[in-house]
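One file, target-v9.tsv, carrying TSV, C-alpha atoms:
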chain	number	residue	atom	x	y	z
A	1	MET	CA	22.76	113.46	17.51
A	2	LYS	CA	26.53	113.63	17.96
A	3	THR	CA	28.09	110.16	17.96
A	4	GLU	CA	31.21	109.89	20.12
A	5	ARG	CA	34.05	107.72	18.81
A	6	LEU	CA	35.49	106.03	21.89
A	7	THR	CA	38.69	104.00	22.25
A	8	ASN	CA	38.79	100.62	23.94
A	9	GLN	CA	40.18	102.42	27.01
A	10	GLU	CA	37.07	104.59	27.41
A	11	THR	CA	34.76	101.90	28.76
A	12	GLN	CA	33.70	104.03	31.74
A	13	ARG	CA	32.48	106.78	29.40
A	14	ALA	CA	30.54	104.16	27.44
A	15	GLY	CA	29.04	102.87	30.69
A	16	ASP	CA	28.04	106.39	31.75
A	17	LEU	CA	26.24	106.94	28.45
A	18	LEU	CA	24.38	103.64	28.91
A	19	LYS	CA	23.40	104.62	32.46
A	20	ALA	CA	21.99	107.85	31.03
A	21	GLY	CA	19.69	105.84	28.76
A	22	GLU	CA	21.72	106.28	25.60
A	23	VAL	CA	22.65	103.72	22.93
A	24	VAL	CA	26.31	102.76	22.52
A	25	ALA	CA	27.87	100.31	20.04
A	26	PHE	CA	30.37	97.91	21.58
A	27	PRO	CA	32.74	95.21	20.31
A	28	THR	CA	32.43	91.47	20.83
A	29	GLU	CA	34.35	88.53	19.41
A	30	THR	CA	31.54	87.85	16.90
A	31	VAL	CA	30.21	91.18	15.55
A	32	TYR	CA	29.73	94.67	16.99
A	33	GLY	CA	26.64	95.02	19.16
A	34	LEU	CA	24.24	97.89	19.78
A	35	GLY	CA	24.00	98.34	23.53
A	36	ALA	CA	21.32	99.89	25.73
A	37	ASP	CA	20.20	99.36	29.33
A	38	ALA	CA	18.01	96.25	29.12
A	39	THR	CA	16.04	97.37	32.20
A	40	ASN	CA	15.15	100.77	30.69
A	41	ASP	CA	12.27	100.60	28.20
A	42	GLU	CA	12.97	104.06	26.79
A	43	ALA	CA	16.59	103.10	26.11
A	44	VAL	CA	15.51	99.83	24.48
A	45	LYS	CA	13.09	101.71	22.22
A	46	LYS	CA	16.02	103.79	20.96
A	47	VAL	CA	17.71	100.58	19.74
A	48	PHE	CA	14.69	99.62	17.65
A	49	ILE	CA	14.55	103.14	16.21
A	50	ALA	CA	18.28	103.30	15.40
A	51	LYS	CA	18.24	99.91	13.65
A	52	GLY	CA	14.81	100.21	12.06
A	53	ARG	CA	14.11	96.85	13.71
A	54	PRO	CA	10.62	95.26	13.89
A	55	SER	CA	9.27	95.32	17.45
A	56	ASP	CA	8.47	91.59	17.51
A	57	ASN	CA	12.09	90.65	16.80
A	58	PRO	CA	13.49	89.74	20.25
A	59	LEU	CA	16.73	91.18	21.60
A	60	ILE	CA	19.61	89.33	23.22
A	61	MET	CA	20.59	90.46	26.71
A	62	THR	CA	24.36	90.66	27.15
A	63	VAL	CA	26.03	90.29	30.54
A	64	ALA	CA	29.46	90.72	32.11
A	65	ASP	CA	29.13	87.68	34.39
A	66	ILE	CA	26.70	84.86	35.16
A	67	ALA	CA	25.50	86.54	38.38
A	68	GLN	CA	23.75	89.21	36.29
A	69	LEU	CA	21.27	86.59	35.05
A	70	ASP	CA	19.85	85.67	38.44
A	71	PRO	CA	17.21	88.42	38.80
A	72	PHE	CA	15.75	87.72	35.37
A	73	VAL	CA	15.65	84.02	34.49
A	74	THR	CA	15.44	80.50	35.84
A	75	ILE	CA	18.65	78.63	35.06
A	76	SER	CA	18.43	74.85	34.69
A	77	ASP	CA	21.28	72.48	35.50
A	78	MET	CA	21.82	71.84	31.79
A	79	ALA	CA	21.99	75.56	31.06
A	80	GLN	CA	24.52	75.97	33.86
A	81	LEU	CA	26.58	73.21	32.28
A	82	LEU	CA	26.66	75.05	28.96
A	83	MET	CA	27.63	78.30	30.67
A	84	ALA	CA	30.49	76.58	32.48
A	85	HIS	CA	31.88	75.21	29.20
A	86	PHE	CA	31.16	77.96	26.66
A	87	TRP	CA	31.00	81.25	28.56
A	88	PRO	CA	32.49	83.66	27.97
A	89	GLY	CA	32.04	82.82	24.32
A	90	SER	CA	29.98	82.62	21.17
A	91	LEU	CA	26.89	80.92	22.61
A	92	THR	CA	23.53	82.57	23.30
A	93	ILE	CA	21.18	80.67	25.60
A	94	ILE	CA	17.38	81.10	25.64
A	95	LEU	CA	15.86	80.67	29.10
A	96	PRO	CA	12.40	81.11	30.68
A	97	ILE	CA	12.00	84.49	32.36
A	98	LYS	CA	10.88	85.02	35.93
A	99	PRO	CA	7.37	86.59	35.91
A	100	GLY	CA	7.50	90.34	35.30
A	101	LYS	CA	11.29	90.55	35.45
A	102	VAL	CA	12.10	91.23	31.78
A	103	SER	CA	10.53	93.89	29.59
A	104	MET	CA	8.29	92.57	26.83
A	105	LEU	CA	10.10	95.02	24.54
A	106	VAL	CA	13.19	92.85	24.98
A	107	THR	CA	11.45	89.48	24.63
A	108	GLY	CA	9.11	90.45	21.78
A	109	GLY	CA	6.22	89.50	24.08
A	110	LEU	CA	7.54	85.99	24.76
A	111	GLN	CA	8.08	84.41	28.17
A	112	THR	CA	11.67	83.58	27.25
A	113	VAL	CA	14.79	85.67	26.81
A	114	ALA	CA	18.21	85.05	25.29
A	115	PHE	CA	21.44	85.75	27.20
A	116	ARG	CA	25.07	85.91	26.14
A	117	LEU	CA	28.38	86.53	27.91
A	118	PRO	CA	30.85	87.70	25.23
A	119	ASP	CA	34.48	86.65	25.05
A	120	ASN	CA	35.73	90.22	24.74
A	121	ASP	CA	37.32	92.10	27.64
A	122	VAL	CA	36.17	95.50	26.39
A	123	ALA	CA	32.55	94.37	26.03
A	124	ARG	CA	32.49	93.03	29.57
A	125	ALA	CA	34.14	96.20	30.90
A	126	VAL	CA	31.45	98.33	29.24
A	127	ILE	CA	28.68	96.21	30.77
A	128	ARG	CA	30.30	96.35	34.21
A	129	ALA	CA	30.54	100.13	33.89
A	130	ALA	CA	26.84	100.28	32.99
A	131	GLY	CA	26.00	98.15	36.02
A	132	VAL	CA	23.16	96.29	34.28
A	133	PRO	CA	22.69	93.78	31.48
A	134	ILE	CA	22.47	95.48	28.10
A	135	VAL	CA	20.63	94.49	24.96
A	136	GLY	CA	23.07	93.63	22.22
A	137	PRO	CA	21.70	93.18	18.69
A	138	SER	CA	24.17	93.67	15.85
A	139	ALA	CA	25.03	97.35	15.37
A	140	ASN	CA	23.80	97.69	11.80
A	141	THR	CA	20.72	98.83	9.95
A	142	SER	CA	18.18	96.04	10.30
A	143	GLY	CA	18.42	93.49	7.50
A	144	LYS	CA	21.89	94.54	6.32
A	145	PRO	CA	25.21	92.68	6.72
A	146	SER	CA	26.43	92.74	10.30
A	147	PRO	CA	29.31	95.05	11.31
A	148	THR	CA	32.72	93.55	12.05
A	149	THR	CA	34.58	96.86	12.47
A	150	ALA	CA	33.80	100.18	14.16
A	151	ALA	CA	33.91	101.77	10.69
A	152	HIS	CA	31.00	99.55	9.63
A	153	VAL	CA	29.05	100.75	12.67
A	154	TRP	CA	29.88	104.39	11.89
A	155	HIS	CA	28.61	103.86	8.33
A	156	ASP	CA	25.18	102.72	9.58
A	157	MET	CA	24.79	104.46	12.94
A	158	GLN	CA	26.59	107.81	12.84
A	159	GLY	CA	24.17	110.47	14.10
A	160	LYS	CA	21.72	107.84	15.40
A	161	ILE	CA	23.47	106.67	18.59
A	162	ALA	CA	25.50	108.30	21.37
A	163	GLY	CA	28.78	106.41	21.00
A	164	ILE	CA	30.87	103.69	19.34
A	165	VAL	CA	33.63	101.84	21.21
A	166	ASP	CA	36.39	100.85	18.77
A	167	ASP	CA	38.26	97.65	19.57
A	168	GLY	CA	39.42	96.81	16.05
A	169	PRO	CA	38.05	94.03	13.82
A	170	THR	CA	36.09	91.18	15.39
A	171	GLN	CA	37.64	87.70	15.42
A	172	ILE	CA	34.80	85.38	14.41
A	173	GLY	CA	32.77	87.54	12.07
A	174	VAL	CA	29.30	85.96	12.40
A	175	GLU	CA	26.83	86.08	15.25
A	176	SER	CA	26.74	83.59	18.11
A	177	THR	CA	25.07	80.19	18.12
A	178	VAL	CA	21.59	80.41	19.69
A	179	ILE	CA	20.35	77.41	21.67
A	180	ASP	CA	16.87	77.22	23.17
A	181	MET	CA	17.09	75.73	26.65
A	182	SER	CA	13.43	76.47	27.41
A	183	ALA	CA	12.34	73.73	24.99
A	184	THR	CA	11.74	70.09	25.96
A	185	THR	CA	14.85	69.15	23.98
A	186	PRO	CA	17.75	71.61	23.60
A	187	THR	CA	17.31	73.18	20.17
A	188	ILE	CA	19.68	75.24	18.01
A	189	LEU	CA	17.82	78.17	16.44
A	190	ARG	CA	20.81	79.92	14.85
A	191	PRO	CA	24.14	78.35	13.88
A	192	GLY	CA	27.41	79.92	14.99
A	193	ALA	CA	30.94	79.07	16.08
A	194	VAL	CA	29.70	76.68	18.80
A	195	THR	CA	28.58	73.59	16.89
A	196	GLN	CA	25.88	70.98	17.41
A	197	GLN	CA	28.56	68.35	18.04
A	198	GLN	CA	30.20	70.47	20.74
A	199	LEU	CA	26.88	71.07	22.47
A	200	GLU	CA	25.94	67.39	22.39
A	201	ALA	CA	29.34	66.43	23.80
A	202	VAL	CA	28.86	68.73	26.80
A	203	LEU	CA	25.20	67.91	27.44
A	204	ASN	CA	25.69	64.18	26.72
A	205	MET	CA	22.37	64.09	24.87
A	206	PRO	CA	20.97	64.83	21.41
A	207	VAL	CA	20.50	68.49	20.43
A	208	VAL	CA	17.91	69.34	17.78
A	209	ASP	CA	19.18	71.49	14.90
A	210	ALA	CA	16.22	73.63	13.83
A	211	THR	CA	18.26	76.13	11.83
A	212	SER	CA	17.00	76.96	8.39
A	213	THR	CA	17.26	79.69	5.79
A	214	LYS	CA	13.46	79.82	5.72
A	215	SER	CA	11.59	82.49	7.71
A	216	VAL	CA	8.96	81.72	10.35
A	217	ALA	CA	5.31	82.55	9.69
A	218	SER	CA	4.29	86.21	9.62
A	219	ASN	CA	1.98	85.80	12.62
A	220	VAL	CA	4.62	84.09	14.80
A	221	THR	CA	7.09	85.88	17.06
A	222	PRO	CA	10.55	84.31	16.57
A	223	LYS	CA	12.41	83.11	19.66
A	224	ALA	CA	15.75	84.25	18.28
A	225	PRO	CA	17.03	86.95	15.93
A	226	GLY	CA	17.54	86.01	12.28
A	227	MET	CA	14.61	83.59	12.06
A	228	LYS	CA	11.84	85.74	10.58
A	229	TYR	CA	12.97	88.89	8.84
A	230	ARG	CA	15.37	89.64	5.99
A	231	HIS	CA	18.88	89.52	7.39
A	232	TYR	CA	22.50	90.06	6.36
A	233	ALA	CA	21.55	91.26	2.88
A	234	PRO	CA	23.24	94.09	0.95
A	235	ASP	CA	21.27	96.06	-1.62
A	236	LYS	CA	23.31	94.46	-4.41
A	237	ASN	CA	22.37	91.11	-5.91
A	238	VAL	CA	24.16	88.23	-4.11
A	239	VAL	CA	24.51	84.74	-5.61
A	240	MET	CA	26.14	81.69	-4.00
A	241	PHE	CA	28.35	79.31	-5.94
A	242	ASP	CA	30.15	76.02	-5.38
A	243	ARG	CA	33.91	75.76	-5.88
A	244	LEU	CA	33.40	72.99	-8.45
A	245	ASP	CA	31.49	75.48	-10.62
A	246	ALA	CA	34.12	78.24	-10.41
A	247	LEU	CA	35.40	77.95	-13.99
A	248	ASP	CA	31.87	77.82	-15.40
A	249	LEU	CA	31.06	80.92	-13.36
A	250	LYS	CA	34.10	82.72	-14.75
A	251	ASN	CA	32.74	82.24	-18.27
A	252	GLU	CA	29.42	83.79	-17.23
A	253	LEU	CA	30.80	86.84	-15.37
A	254	GLN	CA	29.81	90.25	-16.65
A	255	LYS	CA	31.93	93.40	-16.49
A	256	ASN	CA	30.35	94.67	-13.26
A	257	ASP	CA	30.20	91.33	-11.44
A	258	VAL	CA	32.59	90.52	-8.59
A	259	VAL	CA	33.62	87.32	-6.82
A	260	MET	CA	34.27	86.62	-3.14
A	261	ALA	CA	36.11	83.32	-2.72
A	262	GLN	CA	38.97	81.53	-1.03
A	263	GLU	CA	42.50	81.78	-2.40
A	264	PRO	CA	42.56	78.41	-4.26
A	265	THR	CA	39.32	79.30	-6.05
A	266	LEU	CA	40.49	82.79	-6.99
A	267	SER	CA	43.78	81.34	-8.22
A	268	ALA	CA	41.95	78.90	-10.48
A	269	MET	CA	39.65	81.62	-11.82
A	270	GLN	CA	42.54	84.07	-12.44
A	271	LEU	CA	40.42	87.17	-11.83
A	272	SER	CA	41.73	90.71	-11.65
A	273	LEU	CA	42.20	92.27	-8.21
A	274	ASP	CA	39.40	94.76	-8.80
A	275	GLN	CA	36.96	91.92	-9.50
A	276	SER	CA	37.75	89.73	-6.50
A	277	TRP	CA	37.71	89.70	-2.69
A	278	SER	CA	39.81	87.09	-0.93
A	279	LEU	CA	38.17	85.00	1.78
A	280	GLY	CA	41.60	83.66	2.73
A	281	GLU	CA	42.58	80.03	2.91
A	282	THR	CA	40.67	78.76	5.94
A	283	LEU	CA	37.06	78.45	6.98
A	284	GLU	CA	37.79	80.82	9.87
A	285	SER	CA	39.17	83.52	7.55
A	286	ALA	CA	36.21	83.13	5.19
A	287	THR	CA	33.75	83.58	8.05
A	288	GLU	CA	35.67	86.58	9.36
A	289	GLN	CA	35.71	88.25	5.92
A	290	LEU	CA	32.17	87.47	4.72
A	291	PHE	CA	30.33	90.55	6.00
A	292	SER	CA	33.26	92.88	5.31
A	293	GLY	CA	33.32	91.89	1.65
A	294	LEU	CA	29.55	92.20	1.26
A	295	ARG	CA	29.63	95.65	2.86
A	296	PHE	CA	32.54	96.79	0.68
A	297	TYR	CA	30.91	95.81	-2.60
A	298	ASP	CA	27.51	97.15	-1.51
A	299	ASP	CA	29.08	100.62	-1.47
A	300	GLU	CA	30.70	100.20	-4.90
A	301	ILE	CA	28.27	101.89	-7.29
A	302	GLN	CA	29.40	100.01	-10.39
A	303	VAL	CA	28.98	96.51	-8.89
A	304	VAL	CA	25.85	94.66	-10.05
A	305	THR	CA	26.17	91.10	-8.72
A	306	ILE	CA	28.32	89.66	-5.93
A	307	TYR	CA	29.13	85.96	-6.36
A	308	VAL	CA	30.20	84.33	-3.09
A	309	GLU	CA	31.72	80.90	-2.59
A	310	LYS	CA	29.93	78.44	-0.32
A	311	MET	CA	31.83	76.40	2.28
A	312	SER	CA	31.58	72.78	3.31
A	313	PRO	CA	28.54	72.60	5.66
A	314	ILE	CA	30.49	71.22	8.61
A	315	GLY	CA	31.11	72.96	11.93
A	316	LEU	CA	31.59	76.72	11.45
A	317	GLY	CA	30.82	76.20	7.75
A	318	LYS	CA	27.18	75.72	8.65
A	319	ALA	CA	27.06	79.19	10.23
A	320	TYR	CA	28.87	80.70	7.24
A	321	ASN	CA	26.48	79.09	4.74
A	322	ASN	CA	23.46	80.11	6.83
A	323	ARG	CA	24.43	83.80	6.71
A	324	LEU	CA	25.39	83.60	3.04
A	325	ALA	CA	22.11	81.94	2.05
A	326	LYS	CA	20.15	84.67	3.82
A	327	SER	CA	22.30	87.36	2.19
A	328	ALA	CA	21.64	85.79	-1.21
A	329	GLY	CA	17.96	85.07	-0.66
A	330	ASN	CA	18.95	81.46	-1.46
A	331	GLN	CA	20.01	82.39	-5.02
A	332	GLU	CA	22.60	79.95	-6.30
A	333	PHE	CA	24.64	79.78	-9.51
A	334	SER	CA	24.03	76.64	-11.52
A	335	VAL	CA	25.64	75.37	-14.69

For the file at hand, write its structure as structure tokens.
Amino acid sequence: MKTERLTNQETQRAGDLLKAGEVVAFPTETVYGLGADATNDEAVKKVFIAKGRPSDNPLIMTVADIAQLDPFVTISDMAQLLMAHFWPGSLTIILPIKPGKVSMLVTGGLQTVAFRLPDNDVARAVIRAAGVPIVGPSANTSGKPSPTTAAHVWHDMQGKIAGIVDDGPTQIGVESTVIDMSATTPTILRPGAVTQQQLEAVLNMPVVDATSTKSVASNVTPKAPGMKYRHYAPDKNVVMFDRLDALDLKNELQKNDVVMAQEPTLSAMQLSLDQSWSLGETLESATEQLFSGLRFYDDEIQVVTIYVEKMSPIGLGKAYNNRLAKSAGNQEFSV
């Protein structure tokens, strides 16, 4: 298949391809998504094939405005409150579907579906051009680090999908927060840029944090992506480390090991440029750079182990550590 490389001005062409039942990668503020008409089962099947994604791993439906939800789901007052505060933005909301209105291919056979309205003008323009909600899993080979540039998408999807819309690097760098609003108590199933504290402040009630690096049981269909299968992991060995252990780690590094860390840590370790990847000086820059660094070193033949600095598990740091722990299979450097 020929994969068209589209600019951020060619949203109508992207929409036309989606209308024709094709798969098109599109930008969001979090990571690049893999779009297909969510109401077209044949188009949705192409997404699973392109990604190599298990069929019981549910897909997020992505919309251009709240009105696009109405035919598919029942929206509670609390869910509407979240939409008013966080949409467009990095929050995915799981809602109960109206009977027979959403394909079981999208829901993984569940009676719930996840929706998101991205904070990216190009993404919303593509969806408006398509005229329907689109599925929007990350535009990468299933299980690998998510794509934060169009080049990352091209690396994984060239020849497998009809088009890629290039809008430059994403701003956040990790996937959206997922909150289950079909549960008795609002429950976070995947951490992201929207935090538990922010959600509780808006809802004025406790929100359960059920996020974990552990997978769900093999016979259970997960309600949200990232809960069951191997995710975010390069082929290279990835090991987490704490900043306090940086100097001990330096003494253990082998010739073909590399380090991804923030500037103060790299400065203390005094590593060569070819053995280090800067995560910047802020939590936001670290989150934005995480997948890019993992992807870069995964393609470097000589690299054996990638050591990556953990962040303080507060706010966005919880999302960062969640993705890192999954990438590393929970491996951690210890003195």

- For A:Asn140, which of A:Phe291, A:Phe241, A:Trp277, A:Phe333 is the closest residue, counting all atoms listed in the file?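 With all atoms listed in the file as the atom set, the closest residue is A:Phe291.
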
Non-local contacts of A:Thr39 (8 Å; only C-alpha atoms; under 2 positions in same chain excluded) as an mmCIF file with C-alpha atoms, in the frame of the given file:
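And here is the file that came out, selection-v3.cif:
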data_model
loop_
_atom_site.group_PDB
_atom_site.id
_atom_site.type_symbol
_atom_site.label_atom_id
_atom_site.label_comp_id
_atom_site.auth_asym_id
_atom_site.auth_seq_id
_atom_site.Cartn_x
_atom_site.Cartn_y
_atom_site.Cartn_z
ATOM 1 C CA ASP A 37 20.200 99.360 29.330
ATOM 2 C CA ASP A 41 12.270 100.600 28.200
ATOM 3 C CA VAL A 102 12.100 91.230 31.780
ATOM 4 C CA SER A 103 10.530 93.890 29.590
ATOM 5 C CA VAL A 132 23.160 96.290 34.280
ATOM 6 C CA PRO A 133 22.690 93.780 31.480
ATOM 7 C CA ILE A 134 22.470 95.480 28.100
#

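The space separating atom CA of A:Met240 from atom CA of A:Thr282 comes to 17.8 Å.
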
If you count all atoms listed in the file, which residues fall within 12 Å of A:Asp248, apart from same-chain ones fewer than 6 positions away, as a PDB file with C-alpha atoms, in the frame of the given file?
ATOM      1  CA  PHE A 241      28.350  79.310  -5.940  1.00  0.00           C
ATOM      2  CA  ASP A 242      30.150  76.020  -5.380  1.00  0.00           C
ATOM      3  CA  ALA A 268      41.950  78.900 -10.480  1.00  0.00           C
ATOM      4  CA  MET A 269      39.650  81.620 -11.820  1.00  0.00           C
ATOM      5  CA  PHE A 333      24.640  79.780  -9.510  1.00  0.00           C
ATOM      6  CA  SER A 334      24.030  76.640 -11.520  1.00  0.00           C
ATOM      7  CA  VAL A 335      25.640  75.370 -14.690  1.00  0.00           C
TER       8      VAL A 335
END

- Would you kindly return, as a list in words, each protein, DNA or RNA residue with an atom no farther than 6 Å from any atom of stretch 306-323 of chain A, considering all atoms listed in the file and excluding same-chain residues fewer than 6 positions away? Pro191, Gly192, Ala193, Thr195, Val238, Val239, Met240, Phe241, Asp242, Val258, Val259, Met260, Ala261 and Thr287 of chain A

- With all atoms listed in the file as the basis for distance, which of A:Asn251, A:Gln289, A:Thr211, A:Thr177 is at the shortest distance from A:Ala114? A:Thr177

- Query: Between atom CA of A:Glu10 and atom CA of A:Ala125, what is the spacing in Å?
  - Reply: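 Between atom CA of A:Ala125 and atom CA of A:Glu10 the gap is 9.5 Å.
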
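Minimum distance to A:Lys45 across A:Glu281, A:Asp119, A:Asp156, A:Glu22 (counting only C-alpha atoms) occurs at A:Glu22.
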
- Message: Show me, as number ranges by chain, the residues that have an atom within 12 Å of stretch 2-6 of chain A when counting all atoms listed in the file, minus same-chain residues fewer than 5 positions from it.
- Response: A: 11-15, 17, 22-27, 122, 126, 150-151, 153-168

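Here atom CA of A:Pro88 is placed at a distance of 20.8 Å from atom CA of A:Ser146.
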
- Considering all atoms listed in the file, return as number ranges by chain whatever protein or nucleic-acid residues lie within 7 Å of A:Lys326, sequence-local ones (same chain, fewer than 2 positions apart) excluded. A: 213, 231-233, 322-324, 328-330

- Message: Given all atoms listed in the file as the basis, pick out the residue of A:Ile66, A:Ala201, A:Val113, A:Val303 nearest to A:Asn256.
- Response: A:Val303

- Quick one: of A:Leu199, A:Ile60, A:Met1, A:Ala20, who's nearest to A:Phe86, counting only C-alpha atoms?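 Of A:Leu199, A:Ile60, A:Met1, A:Ala20, the one nearest A:Phe86, counting only C-alpha atoms, is A:Leu199.
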
- For A:Leu69, which residue out of A:Pro96, A:Gly280, A:Gly21, A:Pro264 is the nearest one, using all atoms listed in the file?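 Going through A:Pro96, A:Gly280, A:Gly21, A:Pro264 one by one, the smallest distance to A:Leu69 is for A:Pro96.
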
Step by step, gather every atom of stretch 6-19 of chain A that the file lists, find the box along x, y and z that holds them, add 4 Å on each side, and finally give centre and edge lengths in Å to one decimal, as AutoDock Vina command-line options.
--center_x 31.8 --center_y 103.8 --center_z 27.2 --size_x 24.8 --size_y 14.3 --size_z 18.6
